[in-house]
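**Q** One structure is given below, represented as structure tokens, and several questions about it will come after.
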Amino acid sequence: MSSQKWMSVQFFIFFFTWGVFLPYWTGYLTNVKDMSVYAASLIMGAGMIARAFSTLVLFPELTKRYSIHIFLRILALGSLLTFVLYIPLSSFIMLLLITVLFSLVYPNLLPAMESCASLLMQRDRIHYGRSRSFGSAGFMAAVLTIGFSTAQFGEEAILWVMIAALAFVVLASSWKAPEALTDKPIREDQQSTWQLAKVLLKQKEFLAALVIVVLIQGSHASYNSYSFIYLQDIGVSNGWIGVIINVAVLAEIVLFMVADRFFGKSKVSTLFMIAAVGATVRWVAIWLFPIAAVFIATQALHAISFGLAHYAFIQFIARTLHKSAIPTAQGLYAAFAMSLSSALLTFLGGYLYDIQAGYAFLGMALFSFPAIVLLILQRDKLSY
């Protein structure tokens, strides 16, 4: 299997699980485990804080001791074993503890996959956008599967689809990987994660890119956690919810398929600006017009608000960093942009959602808009 194909398959299978857990798990907790929206937001937020710690500290440290492929195998098996603990338990405290435990393991698959892609971009010259589009396709397949499964069997199906998907992740992690991922640990130095992180954060260009991507990606917290129940609240059936969510994923697939061709040579600052504007417009529109038609229309902006911001940051680290710094950079990105900011804004979104559903999205616009201002002030630092 070529490096391009291996990476594409891995992205597809992992993001299938991501497509089950990210948009639907809050709904599972409220509909099956009888948690309130606020209680579910506390559980998911605590998990995101655990994810931030794990991806920032555990992930970079363990890449010093294992090849990235061996690490993938450990994470895959650990994710499956911890997730099955959801089956017998239903109290708030136990669900909170299980979510924290699961979040210490499972989310590390994301920076691990992205680190694999960054290394293969440098070593084997794979096309990142082409492989990442398969990840979006996996996400789309998961959303469709859950949409129709819940329509037929109820929200309990979310749990069993996730378990089956994690079993496939374990299987895929056992396949022979490209040589660049099996030779040796990515980092052979003895510097701690904190030392490397401190070095990166002292680089004004990296710090500016990280802050901007944190603002943009963090603003997706309400969308990730509450879009499923929001669509239920405005009268959309479960089967159609899966279709609607997939509009965003389809737009993301198209973006990643053409990203290398159309944006491969664009300045990172330009890509971030488009993403920040797209995110702000998206959240304001959902707040102003709480109807399904507008929500569907804004789904196309997901390619810009999420996909282009992600692509810009991956291009930034691939263009500017040595391979030994990539795990730490991915850890910082996963911890702050994909976890900690999302955790804090999930708490905020849950509070606002209980007041009025639309406020949960308006609050996200107040977080993405400062990225536009910062980009205007810091554009020269991101001219790569």
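Each chain in the structure tokens gets a letter, A, B, ..., in the order shown, and its residues are numbered from 1; ligands are numbered from 1 in order too.
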Can you tell me, as number ranges by chain, what residues are no more than 7 Å from region 270-272 of chain A when counting only C-alpha atoms, ignoring any on the same chain fewer than 6 positions away?
**A** A: 308-309, 312
**Q** Which value, in Å to one decimal, gives the distance between CA of Ala197 (chain A) and CA of Leu210 (chain A)?
**A**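 So the two atoms, CA of Ala197 (chain A) and CA of Leu210 (chain A), lie 11.8 Å apart.
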**Q** Quick check for you: according to DSSP on this backbone, which residues of region 175-268 of chain A are classed as helix (DSSP H, G or I)? Reply as an MDAnalysis selection string.
**A** chainID A and resid 179:181 193:201 204:218 221:233 238:263 268
**Q** Which one is closest to Ala112 (chain A): A:Ser173, A:Thr99, A:Ser219, A:Gln356? Count only C-alpha atoms.
**A** A:Ser173
**Q** Give me, as a ChimeraX atom specification, all polymer residues having an atom no more than 7 Å from Glu155 (chain A), counting only C-alpha atoms and skipping those fewer than 3 positions away in the same chain.
**A** /A:28,31-32,150,158
**Q** So that I can check the surroundings of Trp283 (chain A), please list as a PyMOL selection string every protein, DNA and RNA residue that reaches within 12 Å of it, counting only C-alpha atoms and ignoring chain neighbours fewer than 3 positions away.
**A** chain A and resi 216+219-223+227+276-280+286-290+294-295+297-299+301-302+305+357-369
**Q** With a distance cut-off of 8 Å and only C-alpha atoms, select the neighbouring residues of Ala318 (chain A), excluding the residue or stretch itself and same-chain residues fewer than 4 positions from it, and output the selection as JSON, numbers by chain.
**A** {"A": [118, 121, 122, 314]}
**Q** I need the residues from that last selection saved to file as a PDB file, in the first residue's frame (with N, CA, C and O atoms), if you can.
**A**
```
ATOM      1  N   SER A 118       1.939  14.961   8.254  1.00  0.00           N
ATOM      2  CA  SER A 118       3.003  15.954   8.113  1.00  0.00           C
ATOM      3  C   SER A 118       4.330  15.301   7.761  1.00  0.00           C
ATOM      4  O   SER A 118       5.088  15.796   6.913  1.00  0.00           O
ATOM      5  N   MET A 121       4.199  14.110   4.216  1.00  0.00           N
ATOM      6  CA  MET A 121       4.312  15.258   3.301  1.00  0.00           C
ATOM      7  C   MET A 121       5.775  15.604   3.074  1.00  0.00           C
ATOM      8  O   MET A 121       6.206  15.890   1.948  1.00  0.00           O
ATOM      9  N   GLN A 122       6.565  15.571   4.156  1.00  0.00           N
ATOM     10  CA  GLN A 122       7.983  15.908   4.051  1.00  0.00           C
ATOM     11  C   GLN A 122       8.801  14.791   3.424  1.00  0.00           C
ATOM     12  O   GLN A 122       9.670  15.047   2.581  1.00  0.00           O
ATOM     13  N   ILE A 314      -1.868  23.422   9.112  1.00  0.00           N
ATOM     14  CA  ILE A 314      -1.039  22.289   8.701  1.00  0.00           C
ATOM     15  C   ILE A 314       0.020  22.743   7.693  1.00  0.00           C
ATOM     16  O   ILE A 314       1.184  22.329   7.762  1.00  0.00           O
TER      17      ILE A 314
END
```
**Q** Can you tell me, as an MDAnalysis selection string, what residues are no more than 10 Å from Ser90 (chain A) when counting only C-alpha atoms, ignoring any on the same chain fewer than 5 positions away?
**A** chainID A and resid 29 32:35 95:96
**Q** Restricting the output to N, CA, C and O atoms, write the selected residues as a PDB file, in the first residue's frame.
**A**
```
ATOM      1  N   LEU A  29     -25.995  11.444  25.459  1.00  0.00           N
ATOM      2  CA  LEU A  29     -26.038  11.658  26.907  1.00  0.00           C
ATOM      3  C   LEU A  29     -27.386  12.219  27.361  1.00  0.00           C
ATOM      4  O   LEU A  29     -27.895  11.856  28.432  1.00  0.00           O
ATOM      5  N   VAL A  32     -30.343   9.248  25.940  1.00  0.00           N
ATOM      6  CA  VAL A  32     -30.247   7.877  26.429  1.00  0.00           C
ATOM      7  C   VAL A  32     -29.894   7.832  27.914  1.00  0.00           C
ATOM      8  O   VAL A  32     -30.472   7.059  28.687  1.00  0.00           O
ATOM      9  N   LYS A  33     -28.941   8.659  28.315  1.00  0.00           N
ATOM     10  CA  LYS A  33     -28.514   8.660  29.716  1.00  0.00           C
ATOM     11  C   LYS A  33     -29.276   9.672  30.575  1.00  0.00           C
ATOM     12  O   LYS A  33     -28.981   9.847  31.764  1.00  0.00           O
ATOM     13  N   ASP A  34     -30.239  10.371  29.963  1.00  0.00           N
ATOM     14  CA  ASP A  34     -31.135  11.285  30.688  1.00  0.00           C
ATOM     15  C   ASP A  34     -30.415  12.438  31.382  1.00  0.00           C
ATOM     16  O   ASP A  34     -30.821  12.890  32.457  1.00  0.00           O
ATOM     17  N   MET A  35     -29.349  12.930  30.776  1.00  0.00           N
ATOM     18  CA  MET A  35     -28.672  14.109  31.290  1.00  0.00           C
ATOM     19  C   MET A  35     -29.348  15.371  30.745  1.00  0.00           C
ATOM     20  O   MET A  35     -29.857  15.368  29.622  1.00  0.00           O
ATOM     21  N   LEU A  95     -20.380   8.868  34.430  1.00  0.00           N
ATOM     22  CA  LEU A  95     -20.237   9.306  33.039  1.00  0.00           C
ATOM     23  C   LEU A  95     -19.144  10.364  32.912  1.00  0.00           C
ATOM     24  O   LEU A  95     -18.401  10.390  31.924  1.00  0.00           O
ATOM     25  N   LEU A  96     -19.045  11.222  33.913  1.00  0.00           N
ATOM     26  CA  LEU A  96     -17.994  12.232  33.920  1.00  0.00           C
ATOM     27  C   LEU A  96     -16.620  11.570  33.980  1.00  0.00           C
ATOM     28  O   LEU A  96     -15.710  11.914  33.206  1.00  0.00           O
TER      29      LEU A  96
END
```
**Q** With only C-alpha atoms as the counted atoms, please give the residues lying no more than 10 Å from Ala46 (chain A), apart from itself and same-chain residues fewer than 5 positions off, as a ChimeraX atom specification.
**A** /A:40-41,51-52,96-97,99-100,103,339-340,343-344,346-347
**Q** Go through A:Val284, A:Leu382, A:Ala335, A:Leu171 and flag the residue nearest Val268 (chain A), using only C-alpha atoms for the distances.
**A**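 Smallest separation from Val268 (chain A) among the options: A:Leu382.
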**Q** Out of A:Thr55, A:Gly45, A:Gly27, A:Val143, which residue has the shortest atom-to-atom distance to Leu345 (chain A) when counting only C-alpha atoms?
**A**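 Looking only at the distances to Leu345 (chain A), the closest residue turns out to be A:Gly45.
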**Q** Under the rule that only C-alpha atoms are counted, which of A:Ile49, A:Ile126, A:Ile212, A:Ile245 is the nearest residue to Val20 (chain A)?
**A**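 For Val20 (chain A), the nearest of the given residues is A:Ile245.
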**Q** Tell me, in Å to one decimal, how far CA of Ser8 (chain A) is from CA of Ile244 (chain A).
**A** 24.4 Å
**Q** Take CA of Thr63 (chain A) and CA of Val213 (chain A) and report the distance between them in Å, one decimal.
**A**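 For CA of Thr63 (chain A) relative to CA of Val213 (chain A), the distance reads 23.6 Å.
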